[in-house]
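Following: one structure in structure tokens, then a few remarks.
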Amino acid sequence: MTAPVSTRSSADLIRAEEPVLAHNYHPLPVVVARAEGSWVEDVEGRRYLDMLAGYSALNFGHRHPALIEAAHRQLDRLTLTSRAFHNDRLAEFAERLAELTGLDMVLPMNTGAEAVESGIKVARKWAYEVKGVPADRATIVVAAENFHGRTTTIVSFSTDETARAGFGPFTPGFRIVPYNDLAALEAAVDATTAAVLLEPIQGEAGVVIPDDGYLAGVRELTRRTGCLFIADEIQSGLGRTGRTLAVEHEGVVPDVLLLGKALGGGIVPVSAVVARRDVLGVLRPGEHGSTFGGNPLAAAVGTAVVELLETGEFQRRAADLGTVLRDGLADLVGKGVVGFRARGLWAGVDIDPSLGTGREVSKLLMDEGVLVKDTHGSTIRLAPPLTITAEELRSALGVLAKVLRR
């Protein structure tokens with residue numbers, strides 16, 4: 001990375017945002033100007049090790065050469081046609097993504113929330129046309145403490161009051177059950193149930209990993225009761241947990257898969273609903289769409305992402321480095337860490353509340369050149385790029401140990 005480009009200081013730029021940007025986020029006070037690999041640089045030229053990777057949007061690091069090359073190549077040819085016309089990049093993207101995931105058809109969208117909304121629409125239409133649920137009676141069962149996005153429909157079935165308060169009236173048709181509780185799930189499913197929608201690992205809740213057998217139990221239950229299993233792998237998918245998909249840890253293939261974040265390679269927003277043919281096949285022209293969904297630039301970058309994953313290299317890196325991450329966190333238990341949950345290169349770390357909130361610890365880590373982000377209470381999340389080295393990972397864990405000793 002070369003010298004910073006901004007002539008305004010970090011403090012000036014943060015102050016300039018205050019009167020003109022809506023307060024929908026509470027970012028840490030760092031202003032990033034450049035990035036490469038696992039490192040970012042602020043406008044003053046200070047370097048930070050990125051241990052968040054855009055909530056898994058940057059699984060392949062910042063500006064991965066293969067992804068940047070694919071984007072440049074496409075920028076010189078064609079960026080957008082809308083779906084009014086075909087483009088020459090979309091078929092290959094859909095073919096390779098379907099093959100990677102073991103499913104049949106792809107519905108390209110842009111953001112993770114759009115993928116979730118699309119999955120909900122498709123599940124309801126499938127319930128009416130295939131399952132025979134009476135019109136407007138379809139229900140979807142979801143888990144408490146979920147995070148699937150922030151649209152009005154999605155926050156309707158959130159249990160986070162910060163996400164819900166002030167945004168009603170809420171969309172009906174959802175039943176909320178405790179996560180990791182098969183008995184409660186079975187009690188909620190009936191003849192009106194179109195789908196069960198779950199995160200295989202709950203990211204926003206603090207990287208909550210269900211008991212062994214839970215996902216397999218969900219798959220068996222949905223198959224037996226004749227409803228769809230929708231797996232939201234927007235954060236957990238595409239190599240993060242040491243497998244292409246988190247459901248693979250239990251050998252599960254869902255009916256509908258929701259992808260996003262890393263699918264755009266940290267370059268453009270790309271998401272997708274990937275499903276069986278008899279599920280996505282219920283959509284007909286004009287019933288759903290997106291002007292930018294499946295645009296040539298997104299398809300080119302998405303294809304390059306799939307190509308990286310086809311080698312298995314990044315899944316292996318996440319699995320191998322996940323051992324380094326777990327071992328390092330285990331050494332900190334009782335030394336400022338009261339517990340953690342980790343799978344692959346993804347961890348929720350519970351800090352002793354007497355030492356500070358998750359945000360306070362995140363700011364201390366920022367001051368030491370490591371970027372993470374807090375979630376609820378005193379929990380911080382670690383999700384470094386899958387390109388991080390073992391040395392960089394151990395260095396970040398060492399900084400965490402140093403901050404906790406304070």
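By order of appearance in the structure tokens: chains A, B, ..., then residues from 1 within every chain, and ligands from 1 in the order shown.
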
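The neighbours of A:Glu145 here are the residues that come within 8 Å of it, using only C-alpha atoms and leaving out any residue fewer than 4 positions away in the same chain; they are Ser158, Thr159, Asp160, Tyr179, Gln202 and Ala205 of chain A.
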
Near stretch 351-356 of chain A, within 12 Å and counting only C-alpha atoms, which residues show up once chain neighbours fewer than 5 positions away are dropped, as a JSON list (two decimals) with N, CA and C atoms, in the first residue's frame?
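So around-v3.json came out as:
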[["chain", "number", "residue", "atom", "x", "y", "z"],
["A", 206, "GLY", "N", -23.82, -14.09, 17.96],
["A", 206, "GLY", "CA", -22.56, -14.36, 18.63],
["A", 206, "GLY", "C", -21.90, -15.63, 18.17],
["A", 329, "LEU", "N", -7.78, -19.08, 21.39],
["A", 329, "LEU", "CA", -8.87, -18.63, 22.25],
["A", 329, "LEU", "C", -8.97, -19.48, 23.51],
["A", 332, "LEU", "N", -6.97, -18.30, 26.28],
["A", 332, "LEU", "CA", -7.40, -17.05, 26.92],
["A", 332, "LEU", "C", -8.59, -17.24, 27.86],
["A", 333, "VAL", "N", -9.19, -18.43, 27.85],
["A", 333, "VAL", "CA", -10.30, -18.68, 28.76],
["A", 333, "VAL", "C", -9.78, -18.62, 30.20],
["A", 334, "GLY", "N", -10.46, -17.82, 31.01],
["A", 334, "GLY", "CA", -10.01, -17.59, 32.37],
["A", 334, "GLY", "C", -9.03, -16.44, 32.50],
["A", 335, "LYS", "N", -8.65, -15.88, 31.35],
["A", 335, "LYS", "CA", -7.71, -14.74, 31.34],
["A", 335, "LYS", "C", -8.36, -13.54, 30.65],
["A", 336, "GLY", "N", -9.62, -13.35, 30.94],
["A", 336, "GLY", "CA", -10.39, -12.27, 30.33],
["A", 336, "GLY", "C", -11.45, -12.76, 29.38],
["A", 337, "VAL", "N", -11.33, -14.01, 28.91],
["A", 337, "VAL", "CA", -12.35, -14.63, 28.06],
["A", 337, "VAL", "C", -13.11, -15.64, 28.92],
["A", 338, "VAL", "N", -14.43, -15.51, 28.96],
["A", 338, "VAL", "CA", -15.23, -16.43, 29.76],
["A", 338, "VAL", "C", -15.78, -17.59, 28.93],
["A", 339, "GLY", "N", -15.70, -17.48, 27.62],
["A", 339, "GLY", "CA", -16.16, -18.56, 26.75],
["A", 339, "GLY", "C", -16.08, -18.13, 25.30],
["A", 340, "PHE", "N", -16.13, -19.11, 24.41],
["A", 340, "PHE", "CA", -16.13, -18.78, 22.98],
["A", 340, "PHE", "C", -16.76, -19.94, 22.22],
["A", 361, "VAL", "N", -13.85, -3.15, 24.21],
["A", 361, "VAL", "CA", -12.73, -4.03, 23.87],
["A", 361, "VAL", "C", -12.35, -3.86, 22.40],
["A", 362, "SER", "N", -13.35, -3.70, 21.53],
["A", 362, "SER", "CA", -13.08, -3.50, 20.11],
["A", 362, "SER", "C", -12.27, -2.22, 19.88],
["A", 363, "LYS", "N", -12.58, -1.16, 20.63],
["A", 363, "LYS", "CA", -11.84, 0.09, 20.48],
["A", 363, "LYS", "C", -10.41, -0.04, 20.97],
["A", 364, "LEU", "N", -10.22, -0.80, 22.07],
["A", 364, "LEU", "CA", -8.86, -1.03, 22.55],
["A", 364, "LEU", "C", -8.05, -1.83, 21.54],
["A", 374, "ASP", "N", -17.98, -5.72, 17.80],
["A", 374, "ASP", "CA", -18.77, -6.29, 18.89],
["A", 374, "ASP", "C", -20.14, -6.70, 18.39],
["A", 375, "THR", "N", -20.77, -7.56, 19.15],
["A", 375, "THR", "CA", -22.19, -7.84, 18.97],
["A", 375, "THR", "C", -22.82, -7.61, 20.33],
["A", 376, "HIS", "N", -23.72, -8.43, 20.79],
["A", 376, "HIS", "CA", -24.46, -8.15, 22.01],
["A", 376, "HIS", "C", -23.55, -8.18, 23.24],
["A", 377, "GLY", "N", -23.78, -7.22, 24.15],
["A", 377, "GLY", "CA", -23.10, -7.22, 25.44],
["A", 377, "GLY", "C", -21.59, -7.15, 25.32],
["A", 378, "SER", "N", -20.91, -8.13, 25.90],
["A", 378, "SER", "CA", -19.45, -8.14, 25.90],
["A", 378, "SER", "C", -18.88, -9.19, 24.94],
["A", 379, "THR", "N", -19.62, -9.49, 23.90],
["A", 379, "THR", "CA", -19.18, -10.46, 22.91],
["A", 379, "THR", "C", -18.59, -9.75, 21.69],
["A", 380, "ILE", "N", -17.44, -10.24, 21.23],
["A", 380, "ILE", "CA", -16.86, -9.74, 19.99],
["A", 380, "ILE", "C", -16.83, -10.88, 18.97],
["A", 381, "ARG", "N", -16.83, -10.51, 17.69],
["A", 381, "ARG", "CA", -16.80, -11.51, 16.62],
["A", 381, "ARG", "C", -15.46, -11.44, 15.90],
["A", 400, "LEU", "N", -5.07, -9.45, 21.42],
["A", 400, "LEU", "CA", -6.24, -9.63, 22.28],
["A", 400, "LEU", "C", -5.82, -9.98, 23.70],
["A", 401, "ALA", "N", -4.84, -10.85, 23.83],
["A", 401, "ALA", "CA", -4.33, -11.20, 25.17],
["A", 401, "ALA", "C", -3.77, -9.98, 25.87],
["A", 403, "VAL", "N", -4.57, -6.78, 25.37],
["A", 403, "VAL", "CA", -5.66, -5.88, 25.75],
["A", 403, "VAL", "C", -6.40, -6.40, 27.00],
["A", 404, "LEU", "N", -6.61, -7.71, 27.07],
["A", 404, "LEU", "CA", -7.32, -8.27, 28.20],
["A", 404, "LEU", "C", -6.50, -8.18, 29.48],
["A", 405, "ARG", "N", -5.17, -8.23, 29.36],
["A", 405, "ARG", "CA", -4.33, -8.12, 30.56],
["A", 405, "ARG", "C", -4.42, -6.73, 31.17],
["A", 406, "ARG", "N", -4.77, -5.75, 30.37],
["A", 406, "ARG", "CA", -4.92, -4.40, 30.91],
["A", 406, "ARG", "C", -6.06, -4.32, 31.94]]

**Request:** Pick out the residues sitting within 9 Å of A:Thr152, and hand them over as a ChimeraX atom specification; count only C-alpha atoms, and ignore anything fewer than 6 positions along from it in its own chain.
**Result:** /A:164,167-171

**All strand (DSSP E or B) residues (DSSP, backbone) inside stretch 208-368 of chain A, as a PyMOL selection string** = chain A and resi 208+228-232+256-259+271-275+333+337-342+347-351

**Selection: 9 Å around A:Glu41, only C-alpha atoms, excl. self and same-chain fewer than 5 positions, as number ranges by chain** = A: 1, 4, 31-36, 46-49

Kindly assemble as a tab-separated table a list of the stretch 310-333 of chain A residues that lie within 12 Å of stretch 55-63 of chain A, each paired with its nearest atom pair and their distance in Å to one decimal, using only C-alpha atoms, sorted first by chain and then by ascending residue number.
residue	atom	partner	partner_atom	distance
A:Glu313	CA	A:Phe60	CA	11.0
A:Phe314	CA	A:Phe60	CA	8.1
A:Gln315	CA	A:Asn59	CA	10.4
A:Arg317	CA	A:Phe60	CA	11.0
A:Ala318	CA	A:Asn59	CA	9.7

Which stretch 61-166 of chain A residues have any atom within 6 Å of an atom of stretch 268-271 of chain A, and for each, what is the nearest pair of atoms with distance in Å to one decimal, counting only C-alpha atoms, rows sorted by chain and number, as a tab-separated table?
residue	atom	partner	partner_atom	distance
A:Met109	CA	A:Ser271	CA	4.9
A:Asn110	CA	A:Val270	CA	4.4
A:Thr111	CA	A:Ser271	CA	5.3
A:Gly112	CA	A:Ser271	CA	5.8

**Request:** Could you tell me which of A:Arg316, A:Arg175, A:Arg124, A:His86 comes closest to A:Ala187 if we count only C-alpha atoms?
**Result:**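 Selected residue with least distance to A:Ala187: A:Arg175.
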
**Message:** To test your reading of the structure, identify every residue in stretch 254-322 of chain A that backbone DSSP assigns to alpha helix (DSSP H), and report it as a ChimeraX atom specification.
**Reply:** /A:277-280,296-310,313-322

**Prompt:** In terms of the shortest atom-to-atom distance over only C-alpha atoms, which of A:Thr101, A:Asn180, A:Ser10, A:Asn87 is closest to A:Leu245?
**Reply:**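 Once distances to A:Leu245 are computed over only C-alpha atoms, the minimum belongs to A:Thr101.
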